[in-house]
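What follows is one structure encoded as structure tokens, with my remarks underneath.
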Amino acid sequence: MLKTNLFGMVLLLGVSALTAWMSYSLSKEPFTLEQFRVSPVKAAAGEAEVEIIGSVEARRFLELGSHLFLDARSQQEYDQGHIPMAMSLPLREFESTFPQIAPMLDSDTPLVVYCSGTLCDDGLHLILRLREAGFEGGVLYLDGMEGWE
Amino acid sequence: MKSKMEDRRWKIGDGRWVVCGWLARVAVSLLFLYAGWIKVVDVEGFARSIDGYRMLPENWIPPLAYFLPWLEVWCAVALWITPPFRTASWWLLVGMMLVFTIAKGVAMSRGLDISCGCTGSEDPMSWLDVLINLIWLGVSLTGLILDKRRF
């Protein structure tokens with residue numbers, strides 16, 4: 001009985017592996033590791049012509065005090081830990097929070113916007129919302145809190 | 001006499017257990033058929049979901065994103081084939097459900113803000129999803145046990 005079950009399992013695993021391989025081989029645009037390594041947020045930022053910065057630049061901007069850092073995550077996540085001096089502007093509460101922050105900004109204030117990491121697109125969307133509101137100076141710190149920690 | 005009574009007791013239960021077994025089989029096969037197929041048609045989305053759990057090395061993810069959905073689909077189909085394949089399929093489905101439940105629990109306890117990647121929903125995962133998985137695990141185990149007893 002055990003042998004029969006094991007045979008059945010091996011057969012099912014084999015058929016699944018074979019079908020998966022065929023699905024990969026017959027696909028016109030198979031999904032590869034190289035594609036996977038490109039963050040979808042990075043690709044979307046490229047399309048929207050949003051500049052991306054890395055951790056080294058982000059730390060330099062913070063040391064120089066040349067940029068205002070905006071945290072696009074929720075207030076709760078911000079309270080648990082954030083980049084020093086960063087202000088909280090949760091994307092999901094943009095309408096209610098932005099009017100409190102807007103008086104501190106000029107249309108050309110250099111901004112660094114971030115969220116939790118490379119798979120998070122809140123930072124990118126926040127930059128786009130800020131653009132709509134007339135604030136063009138936003139760059140995206142793609143690695144966000146993951147990269148900072 | 002005792003044997004006759006036992007026999008009678010089993011007969012009374014028979015119909016109910018058969019219905020339970022069938023219901024479990026229909027529910028689990030439909031769930032995995034649906035969950036598997038939506039991943040088959042969106043391999044990249046599923047790969048990103050697996051990556052969100054941050055549990056596996058990067059180079060494992062694309063092969064797994066191709067393999068796992070097909071395993072779900074074939075196991076769902078095999079539930080309707082003859083007993084050796086059916087039982088093997090139940091074991092694999094219970095195993096998968098157990099692994100998925102543990103993965104979700106670990107992700108939640110680590111405070112990851114990710115979507116589950118189970119049935120195509122983009123909503124952030126919650127403890128309710130873990131509970132739902134536990135219920136499905138219970139249904140799968142019921143199906144496996146009833147199938148093994150061959151009511």
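Just so we're on the same page: first chain in the structure tokens is A, next is B, and so on; residues restart at 1 for each chain, and ligands are numbered from 1 in the order they show up.
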
Given a cut-off of 9 Å, which residues of chain B touch chain A, counting only C-alpha atoms, written out as a VMD selection string? chain B and resid 40 43 to 44 47 to 48 52 58 to 63 65 to 75 78 84 to 89 91 to 92 113

Every residue of chain A that DSSP places in alpha helix (DSSP H), as a VMD selection string: chain A and resid 2 to 26 33 to 37 40 to 47 55 to 64 75 to 80 94 to 101 122 to 132 144 to 148

Mind checking which residues fall within 8 Å of range 57-61 of chain A, counting only C-alpha atoms, ignoring those fewer than 6 positions away in the same chain, and posting them as an mmCIF file with C-alpha atoms, in the first residue's frame?
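Result saved to around_36.cif:
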data_model
loop_
_atom_site.group_PDB
_atom_site.id
_atom_site.type_symbol
_atom_site.label_atom_id
_atom_site.label_comp_id
_atom_site.auth_asym_id
_atom_site.auth_seq_id
_atom_site.Cartn_x
_atom_site.Cartn_y
_atom_site.Cartn_z
ATOM 1 C CA HIS A 67 16.823 66.519 0.912
ATOM 2 C CA VAL A 112 13.647 61.437 -1.057
ATOM 3 C CA TYR A 141 14.954 55.392 -2.541
#

Pick out the residues sitting within 8 Å of range 103-108 of chain A, and hand them over as a PyMOL selection string; count only C-alpha atoms, and ignore anything fewer than 2 positions along from it in its own chain. chain A and resi 99-101+110+134-137

Considering only C-alpha atoms, state which residue in the set A:Met85, A:Val50, A:Leu140, A:Ala45 is at the smallest distance from Ala72 in chain A.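 That would be A:Leu140, the residue with the smallest distance to Ala72 in chain A.
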
Neighbours of range 20-33 of chain B within 12 Å (only C-alpha atoms; same-chain residues fewer than 4 positions away dropped), as a PyMOL selection string? chain B and resi 13-16+37-40+68-81+86-87+89-90+92-94+96-97+118-119+133+135-151

Record the distance separating CA of Leu142 in chain A and CA of Cys115 in chain A, expressed in Å with one decimal.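 Interatomic distance, CA of Leu142 in chain A to CA of Cys115 in chain A: 7.7 Å.
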
Would you mind listing what lies within 9 Å of Tyr78 in chain A as an MDAnalysis selection string, with only C-alpha atoms counted and same-chain residues fewer than 5 positions away left out? chainID A and resid 71:73 83 87:88 90

Among listed residues B:Val106, B:Ile114, B:Leu128, B:Leu134, nearest Ile50 in chain B (using only C-alpha atoms):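 Checking each candidate against Ile50 in chain B, we get B:Ile114 as the closest.
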